[in-house]
Amino acid sequence: MCHVFASTDPELFEPQTRSVRIGGVVTSLRLEAAFWRIVDDIARSAGMTTGRFLSSLYDEVVELRGEVGNFASLLRVIACRWISGEVTGVAQPSLFAAAASEAPRLVADA
């Protein structure tokens, strides 16, 4: 079972830093490549650039909660929720849904 995970392409978990403008301030965000792919897909599905999506998301979180604790961690959780189909009311994954359906399934022993 662990071989499925151990054989993960290292490029997917390679950290990547991107500069983005949030609230008029240029800042850096560091996520693993796999998460950037998902965030890019979410932005595309919303009809936005990734930068615009990140800025809008940040502003909405501040409006809702008053602050954003760890934005990179929030993005990882959003990506996981997106891929799992937990998010409703927005377009669902396109590129990753096909890839997930081709991935090996792990079945627990009964």
# chains A, B, ... in the order shown; residues from 1 in each chain; ligands from 1
>>> residues_around(residues="range 17-21 of chain A", least_positions_apart="5", cutoff="10 Å", atoms="only C-alpha atoms", output="MDAnalysis selection string")
chainID A and resid 26:33 36 50:52 54:55
>>> select_by_dssp(residues="range 26-83 of chain A", states="strand (DSSP E)", output="PyMOL selection string")
chain A and resi 26-32
>>> write_last_selection(atoms="C-alpha atoms", output="short mmCIF file (atom, residue, chain, number, x, y, z; two decimals), in the first residue's frame")
data_model
loop_
_atom_site.label_atom_id
_atom_site.label_comp_id
_atom_site.auth_asym_id
_atom_site.auth_seq_id
_atom_site.Cartn_x
_atom_site.Cartn_y
_atom_site.Cartn_z
CA VAL A 26 3.30 42.17 -3.04
CA THR A 27 3.96 39.08 -0.95
CA SER A 28 5.26 35.57 -1.48
CA LEU A 29 3.34 32.34 -1.06
CA ARG A 30 5.04 28.98 -0.87
CA LEU A 31 3.09 25.83 -1.70
CA GLU A 32 3.94 22.44 -3.12
#
>>> closest_residue(among="A:Val62, A:Ala46, A:Ile22, A:Val39", to="Leu75 in chain A", atoms="only C-alpha atoms")
A:Val39
>>> closest_residue(among="A:Arg65, A:Ile83, A:Val77, A:Ser56", to="Gly23 in chain A", atoms="only C-alpha atoms")
A:Ser56
>>> atom_distance(atom1="CA of Glu14 in chain A", atom2="CA of Ile38 in chain A")
14.4 Å
>>> atom_distance(atom1="CA of Glu60 in chain A", atom2="CA of Ser84 in chain A")
22.3 Å
